[in-house]
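**Student:** Have a look at this one before I ask anything.
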Amino acid sequence: MRKFRFLTPWIAGILLATGTSAFAKMLLVNGAGATFPYPIYSKWFSEYAKQDVSVNFNYQSIGSGGGIRQITAQTVDFGASDGPMTDEQLSTAPGKLLHFPTVLGGVVPIYNIPEVSEKLNFTQAALAGIFLGNITTWNNAEIAKANPGVSLPNKPILVVHRSDGSGTTYIWTDFLSSASPTWKAKVGKSTSVNWPVGLGGKGNEGVAGLVKQTPYSIGYAELGYATNNKILYGNVQNRAGQFVECTAQTITHAAASAKMPEDFRVSIVNSPGQDVYPVASFTWLLVYQQQTDRIKGEALIKFLRWMLTDGQKYTEPLGYAPLPQEVIRLEEEAIAQIQLP
Amino acid sequence: MRRSSSLNWGDLLFRRVTLGFALAVVGIVLVLAGSLVWNSRLAMKEFGWAFLWGRTWDPVAVKFGALPFIYGTLVTSAVGLLIAVPLGIGTAIFLAELASPRISEFLSFLVELLAAIPSVIYGLIGVFVVVPWVRTVVSPSVSAVLGWFPLFEGTPYGVGLFTAGLILAAMIVPFITVVSREVLLTVPRSQREAALAVGATHWESVWTVLLPYARSGIIGSIFLALARALGETMAVTMVIGNVPEISASLFKPGYTMAAVLANEFTEATYDLYIHTLIEIGLVLFAVTFIVNGIARLMLSRMEHPA
Amino acid sequence: MSGRGIPYSTVRRCFNAAAFTLTGVFAAVTVSTLFFILGFITWHGISAVNVDFFIHLPKPVGEPGGGMANAIVGTGKLLLLASAIGVPIGFFAGVYLSEFGHNKLGFWVRYAADLLNGVPSIVMGIFAYTLIVLPMKQFSTFAGGVALGIMMIPIAVRSTEEFLKLVPNSVREAAYALGVHEWKTIVFVVIPAAIRGLLTGILLDIARVAGETAPLLFTAFNNRVWSHGWMEPTSSLPVMIFTYAIAPYDDWHRQAWAGALVLMFLLLLVNGGTRLLLPRRRVVT
């Protein structure tokens with residue numbers, strides 16, 4: 001009927017949109033989780049898509065908490081977290097979840113002080129004090145004594161932390177708990193804590209964004225977010241008393257003394273030794289041992305293998321460190337545990 | 001309207017079909033409300049009514065209280081209304097009384113366009129324009145003069161309750177303006193002329209006769225604006241600081257019910273957490289429901305003056 | 001006004017002038033807010049919008065360049081689906097209310113529609129998540145479309161009812177007098193008479209949900225690459241603008257402005273155009 005001619009554009013549109021799925025026989029594998037490794041995952045998936053044109057990976061950085069939640073609810077095909085799942089969280093998942101370390105990374109204290117363009121040294125006590133809210137001005141003695149020669153302004157410190165459930169928070173609070181018994185008792189370590197002071201930013205991106213735009217602020221973020229956005233980051237004092245800068249080298253040293261357990265869940269913060277960066281960590285992909293979709297499972301396995309070999313060369317330019325050889329070997333064995341339907 | 005007995009099968013079918021769709025609307029609302037209640041039952045059982053005045057929000061220690069969010073929602077909406085109500089009513093008076101009809105229509109059209117701007121774009125302007133402005137200009141100058149007063153103390157973050165209220169004001173002013181203008185225009189000429197006839201100046205006729213006559217409608221528009229402000233998510237979450245704390249100062253960061261849902265929903269890692277968040281959604285739903293109800297009541301009074 | 005020799009005291013006259021000047025100032029502030037927002041977006045967005053923006057996918061994080069092609073298509077698909085759900089339900093419910101709904105049930109349907117209109121968009125997103133995403137174990141365009149579609153219903157209902165009610169009863173009675181059945185009268189006489197208003201109402205409805213972000217956050221989720229069909233997560237303009245705006249990368253900020261400009265332009269086109277076309281502004285918010 002003439003009256004219904006207005007329907008034709010709708011129908012055509014609907015057919016077109018559904019039709020595109022028939023033309024491109026492309027597999028989409030969805031993942032979500034940590035913002036900490038987002039820059040390198042984003043690079044990996046983009047490079048891998050060039051290698052294997054039949055599959056696309058869509059990774060959304062919603063925070064480690066989100067990654068754990070969504071993989072538990074099975075709304076995504078893989079999760080990602082830099083805080084390993086607790087036993088309790090693992091028990092609520094409908095199947096056995098495997099942790100696969102992907103890279104080593106470091107969390108740095110980022111700051112924005114208009115008068116200061118030097119790299120600051122932070123003692124463990126200074127960082128704990130700042131984030132506990134005990135140290136409130138930049139020219140506090142605890143900060144100043146580690147930075148002779150730098151003129152620190154008498155301005156209040158604006159603390160920035162994560163507002164979402166974050167593996168980066170897990171790493172940072174893990175470090176603070178190790179550095180300060182007060183912190184450990186009062187706040188503890190987790191992906192989401194009751195912060196004594198500060199503003200909340202969403203994701204590493206949000207924290208970096210806030211610090212970049214807010215003078216006299218301090219926050220914590222994965223190294224890449226600081227270097228990519230030209231935000232100043234400080235050196236942190238390690239257990240041996242040295243002020244260490246976060247580099248691929250110092251992160252790798254941090255992993256050297258770690259004994260990797262079978263399920264790959266290990267913490268390497270505040271590791272002993274020389275030239276060790278104290279706020280370093282592995283980050284993991286979370287994959288079900290029993291896959292439900294054969295094609296997606298195969299794609300995941302292929303990607304994991306690529307990640308352990310070719311993928312590792314993209315780590316250093318982006319501010320991460322490659323996995324130790326021993327860990328790679330153990331993982332390649334672990335991949336065999338994944339069962340396809 | 002034809003009586004059913006004189007209808008043929010075509011008419012009956014048509015009536016049934018449209019009735020079905022109409023019932024579907026009611027059905028969707030019922031399912032929505034039911035789903036919210038069902039999916040928050042764990043939290044309701046666990047915390048009861050005390051949830052509404054609990055001050056701690058600690059997902060790790062599993063201690064949940066909604067007061068910080070209710071507080072933030074109320075304060076930001078209050079700031080928004082405080083700014084938008086005078087602005088909106090003033091603009092409406094100007095458009096209804098002073099401007100010529102053509103200009104009035106045109107400017108009203110422009111104000112309506114303000115309502116069409118999506119929340120995320122207000123948020124974008126908020127992050128890159130308003131937040132730096134508040135941090136560098138407003139906050140320091142107000143603190144310099146009134147910093148001793150608890151309402152204005154605090155370090156200048158830029159983000160916070162005040163900034164969120166300011167942006168909400170921009171978002172809700174069109175609702176107040178457009179509806180108030182329409183309502184003022186419906187006031188009968190006889191009322192205006194009577195006022196002028198007894199010797200009132202133009203403004204006095206507005207103040208003493210028009211506004212009281214249109215009172216229900218104007219108040220209704222304010223409640224409409226309030227309902228919109230309460231549910232605003234994106235613009236608020238981008239500028240409020242996302243900290244679940246209750247602070248007296250307007251310049252401190254805060255949190256609203258809608259903002260916490262947007263930030264924490266995808267990562268609530270255990271069932272009680274999710275149910276708690278959905279319970280906040282239920283509270284938000286209930287509050288906007290009540291406010292909207294009042295708005296409708298007020299506006300219907302305009303159409304059928306008591 | 002004060003003139004024609006009426007002896008108002010100077011105080012009252014000054015007060016009169018001052019009060020109205022104040023209202024003029026308020027009006028200027030309100031209207032200039034619009035120009036400020038539009039101006040700002042245009043200024044920042046115009047330099048950022050280029051061909052790349054429309055045809056390229058996002059680049060890996062931190063690398064400048066790329067575009068929002070998938071977001072634009074995603075928004076298109078979401079709106080298509082939302083209309084397919086929201087418009088029929090809202091339209092036919094509106095027909096019922098206008099033609100048959102002068103009774104108790106009609107009151108409850110109108111009330112329900114108003115209630116639905118007042119539901120905050122984030123709550124709608126939660127509803128769609130629990131209803132669709134969780135059981136299907138999948139973020140999808142479908143879930144996003146349903147969330148937006150339900151949001152479209154109340155406005156479609158009210159808009160349809162208002163415009164059908166505007167058609168004078170004489171038209172209906174003339175048709176009945178000629179022996180036309182009731183349903184044919186409604187479908188072939190009343191609705192076409194109101195068609196202009198009805199279509200503009202639908203367009204405004206679509207424009208209203210086009211900029212919504214919150215309901216999409218946990219339904220359509222987001223996607224860095226193309227989304228195929230209806231059951232995969234999809235990118236959308238508002239979600240991309242949000243994601244890019246709160247991130248620290250300058251290039252992402254640039255793209256956020258571009259996205260905002262494109263979105264604003266389309267919305268203003270629809271809103272401005274439809275309101276200019278309508279004979280008398282019977283606009284429903």
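By order of appearance in the structure tokens: chains A, B, ..., then residues from 1 within every chain, and ligands from 1 in the order shown.
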With the cut-off set at 8 Å and counting only C-alpha atoms, tabulate each residue of region 148-204 of chain A with an atom at most that distance from an atom of region 36-54 of chain A, showing the nearest atom pair and its distance in Å to one decimal, ordered by chain and increasing number, as a Markdown table.

**Tutor:**
| residue | atom | partner | partner_atom | distance |
| --- | --- | --- | --- | --- |
| A:Gly167 | CA | A:Phe36 | CA | 7.4 |
| A:Thr168 | CA | A:Phe36 | CA | 6.2 |
| A:Asn204 | CA | A:Phe36 | CA | 6.5 |

**Student:** Would you mind exporting the chosen residues as a tab-separated table (two decimals), in the first residue's frame, restricted to C-alpha atoms?

**Tutor:**
chain	number	residue	atom	x	y	z
A	167	GLY	CA	44.01	-4.07	40.02
A	168	THR	CA	46.28	-1.05	39.98
A	204	ASN	CA	44.05	4.52	35.06

**Student:** Define the interface residues of chain A facing chain B as those within 7 Å, counting only C-alpha atoms, and report them as a PyMOL selection string.

**Tutor:** chain A and resi 65-66+68-69+163-165+192-194+199-200+214

**Student:** Near Ser32 (chain C), within 12 Å and counting only C-alpha atoms, which residues show up once chain neighbours fewer than 2 positions away are dropped, as a VMD selection string?

**Tutor:** (chain B and resid 91 107 110 to 111 113 to 114 170) or (chain C and resid 24 to 30 34 to 40)

**Student:** Kindly provide, as a list in words, the residues of chain C having any atom no farther than 7 Å from an atom of chain A, counting only C-alpha atoms.

**Tutor:** Pro60, Val61, Gly62, Lys77, Leu134, Lys137, Gln138, Phe139, Asn222, Asn223, Arg224, Val225, His228, Gly229, Trp230, Ile246, Ala247, Pro248 and Tyr249 of chain C

**Student:** Can you pull out every residue within 12 Å of Ala220 (chain C), counting only C-alpha atoms, but drop anything in the same chain fewer than 3 positions away, and send it as a ChimeraX atom specification?

**Tutor:** /A:60,75 /C:71,74-75,77-78,125-126,128-129,132-133,138-148,212-217,223,227,230-240

**Student:** Pull N, CA and C atoms from the residues just selected and write them as a tab-separated table (two decimals), in the first residue's frame.

**Tutor:**
chain	number	residue	atom	x	y	z
A	60	GLN	N	37.69	-4.15	26.50
A	60	GLN	CA	37.21	-2.92	27.12
A	60	GLN	C	37.86	-2.76	28.48
A	75	THR	N	29.67	-12.89	30.70
A	75	THR	CA	29.20	-11.98	29.66
A	75	THR	C	30.34	-11.60	28.72
C	71	ALA	N	31.55	3.85	15.85
C	71	ALA	CA	30.61	4.46	16.80
C	71	ALA	C	29.42	5.07	16.07
C	74	GLY	N	27.31	2.31	14.91
C	74	GLY	CA	26.70	1.71	16.10
C	74	GLY	C	25.51	2.51	16.58
C	75	THR	N	25.67	3.82	16.64
C	75	THR	CA	24.54	4.65	17.06
C	75	THR	C	23.38	4.50	16.08
C	77	LYS	N	22.61	1.86	14.27
C	77	LYS	CA	21.94	0.57	14.49
C	77	LYS	C	21.10	0.60	15.76
C	78	LEU	N	21.67	1.20	16.81
C	78	LEU	CA	20.93	1.26	18.08
C	78	LEU	C	19.62	2.02	17.91
C	125	GLY	N	19.12	1.28	32.11
C	125	GLY	CA	20.26	0.45	31.72
C	125	GLY	C	20.38	-0.77	32.63
C	126	ILE	N	20.17	-0.57	33.92
C	126	ILE	CA	20.24	-1.68	34.87
C	126	ILE	C	19.17	-2.70	34.54
C	128	ALA	N	17.70	-3.31	31.64
C	128	ALA	CA	18.04	-4.07	30.44
C	128	ALA	C	19.17	-5.05	30.71
C	129	TYR	N	20.11	-4.67	31.59
C	129	TYR	CA	21.21	-5.59	31.92
C	129	TYR	C	20.69	-6.84	32.58
C	132	ILE	N	18.29	-8.79	29.95
C	132	ILE	CA	18.76	-9.31	28.67
C	132	ILE	C	20.22	-9.74	28.72
C	133	VAL	N	21.10	-8.88	29.23
C	133	VAL	CA	22.52	-9.20	29.15
C	133	VAL	C	22.87	-10.41	30.01
C	138	GLN	N	25.72	-12.01	27.31
C	138	GLN	CA	26.32	-11.33	26.19
C	138	GLN	C	25.94	-9.85	26.21
C	139	PHE	N	26.94	-8.98	26.10
C	139	PHE	CA	26.61	-7.59	25.86
C	139	PHE	C	26.23	-7.48	24.39
C	140	SER	N	25.23	-6.71	24.05
C	140	SER	CA	24.81	-6.70	22.66
C	140	SER	C	24.13	-5.41	22.26
C	141	THR	N	24.16	-5.18	20.94
C	141	THR	CA	23.40	-4.07	20.38
C	141	THR	C	21.93	-4.24	20.71
C	142	PHE	N	21.49	-5.49	20.74
C	142	PHE	CA	20.09	-5.78	21.02
C	142	PHE	C	19.69	-5.25	22.39
C	143	ALA	N	20.53	-5.54	23.40
C	143	ALA	CA	20.21	-5.06	24.75
C	143	ALA	C	20.16	-3.54	24.78
C	144	GLY	N	21.13	-2.91	24.12
C	144	GLY	CA	21.14	-1.45	24.08
C	144	GLY	C	19.91	-0.90	23.38
C	145	GLY	N	19.54	-1.56	22.28
C	145	GLY	CA	18.37	-1.11	21.55
C	145	GLY	C	17.10	-1.24	22.37
C	146	VAL	N	17.00	-2.32	23.14
C	146	VAL	CA	15.82	-2.49	23.99
C	146	VAL	C	15.76	-1.39	25.05
C	147	ALA	N	16.90	-1.10	25.68
C	147	ALA	CA	16.92	-0.05	26.71
C	147	ALA	C	16.45	1.27	26.12
C	148	LEU	N	17.03	1.64	24.96
C	148	LEU	CA	16.64	2.90	24.34
C	148	LEU	C	15.20	2.85	23.85
C	212	GLU	N	21.73	9.54	24.54
C	212	GLU	CA	21.80	8.87	25.84
C	212	GLU	C	23.03	7.99	25.97
C	213	THR	N	23.71	8.14	27.07
C	213	THR	CA	24.91	7.35	27.30
C	213	THR	C	24.68	6.28	28.36
C	214	ALA	N	24.11	6.70	29.49
C	214	ALA	CA	24.01	5.82	30.65
C	214	ALA	C	23.38	4.46	30.35
C	215	PRO	N	22.27	4.40	29.59
C	215	PRO	CA	21.67	3.07	29.38
C	215	PRO	C	22.54	2.15	28.55
C	216	LEU	N	23.51	2.72	27.83
C	216	LEU	CA	24.32	1.88	26.96
C	216	LEU	C	25.55	1.32	27.67
C	217	LEU	N	25.89	1.91	28.82
C	217	LEU	CA	27.12	1.53	29.49
C	217	LEU	C	27.20	0.05	29.82
C	223	ASN	N	32.96	-1.17	21.82
C	223	ASN	CA	33.67	-2.04	20.90
C	223	ASN	C	34.72	-1.22	20.16
C	227	SER	N	31.15	-3.94	14.82
C	227	SER	CA	30.21	-4.85	15.46
C	227	SER	C	29.32	-5.41	14.37
C	230	TRP	N	23.41	-8.14	15.47
C	230	TRP	CA	22.76	-7.49	16.59
C	230	TRP	C	23.21	-8.01	17.94
C	231	MET	N	23.97	-9.11	17.97
C	231	MET	CA	24.25	-9.72	19.25
C	231	MET	C	25.66	-9.49	19.76
C	232	GLU	N	26.37	-8.53	19.17
C	232	GLU	CA	27.71	-8.23	19.67
C	232	GLU	C	27.69	-6.87	20.33
C	233	PRO	N	28.65	-6.62	21.24
C	233	PRO	CA	28.73	-5.29	21.81
C	233	PRO	C	29.04	-4.28	20.70
C	234	THR	N	28.58	-3.07	20.87
C	234	THR	CA	28.85	-2.09	19.84
C	234	THR	C	29.28	-0.77	20.43
C	235	SER	N	30.07	-0.08	19.67
C	235	SER	CA	30.45	1.26	20.06
C	235	SER	C	29.30	2.20	19.72
C	236	SER	N	29.26	3.36	20.37
C	236	SER	CA	28.24	4.35	20.03
C	236	SER	C	28.83	5.73	20.31
C	237	LEU	N	28.32	6.72	19.61
C	237	LEU	CA	28.89	8.06	19.74
C	237	LEU	C	28.93	8.57	21.18
C	238	PRO	N	27.79	8.54	21.91
C	238	PRO	CA	27.85	9.10	23.26
C	238	PRO	C	28.84	8.37	24.17
C	239	VAL	N	28.88	7.03	24.07
C	239	VAL	CA	29.80	6.28	24.95
C	239	VAL	C	31.25	6.60	24.60
C	240	MET	N	31.54	6.75	23.30
C	240	MET	CA	32.91	7.09	22.91
C	240	MET	C	33.30	8.47	23.41

**Student:** Show me, as a VMD selection string, the residues that have an atom within 8 Å of Val270 (chain C) when counting only C-alpha atoms, minus same-chain residues fewer than 6 positions from it.

**Tutor:** chain C and resid 203 to 204 207

**Student:** Could you save those same residues with N, CA and C atoms as a PDB file, in the first residue's frame?

**Tutor:**
ATOM      1  N   LEU C 203      10.467  11.695  15.180  1.00  0.00           N
ATOM      2  CA  LEU C 203      11.825  12.193  14.960  1.00  0.00           C
ATOM      3  C   LEU C 203      12.400  12.788  16.246  1.00  0.00           C
ATOM      4  N   LEU C 204      11.580  13.580  16.940  1.00  0.00           N
ATOM      5  CA  LEU C 204      12.029  14.183  18.188  1.00  0.00           C
ATOM      6  C   LEU C 204      12.327  13.106  19.217  1.00  0.00           C
ATOM      7  N   ALA C 207      15.610  11.658  18.472  1.00  0.00           N
ATOM      8  CA  ALA C 207      16.657  12.608  18.843  1.00  0.00           C
ATOM      9  C   ALA C 207      16.870  12.609  20.351  1.00  0.00           C
TER      10      ALA C 207
END

**Student:** In terms of the shortest atom-to-atom distance over only C-alpha atoms, which of B:Val120, B:Ala248, B:Leu261, B:Val138 is closest to Ala210 (chain C)?

**Tutor:**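 Among B:Val120, B:Ala248, B:Leu261, B:Val138, it is B:Val120 that comes nearest to Ala210 (chain C).
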
**Student:** Quick one, how far is CA of Ala112 (chain C) from CA of Val26 (chain B)?

**Tutor:**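 Taking CA of Ala112 (chain C) and CA of Val26 (chain B), their separation equals 5.4 Å.
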
**Student:** Take CA of Pro215 (chain A) and CA of Asn112 (chain A) and report the distance between them in Å, one decimal.

**Tutor:**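 Separation between CA of Pro215 (chain A) and CA of Asn112 (chain A): 5.4 Å.
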
**Student:** Can you tell me which residues surround Gly88 (chain B) at a distance of at most 6 Å, considering only C-alpha atoms, apart from same-chain residues fewer than 5 positions away, and format the answer as a list in words?

**Tutor:**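 Counting only C-alpha atoms, the residues come to Val173, Ile176 and Thr177 of chain B.
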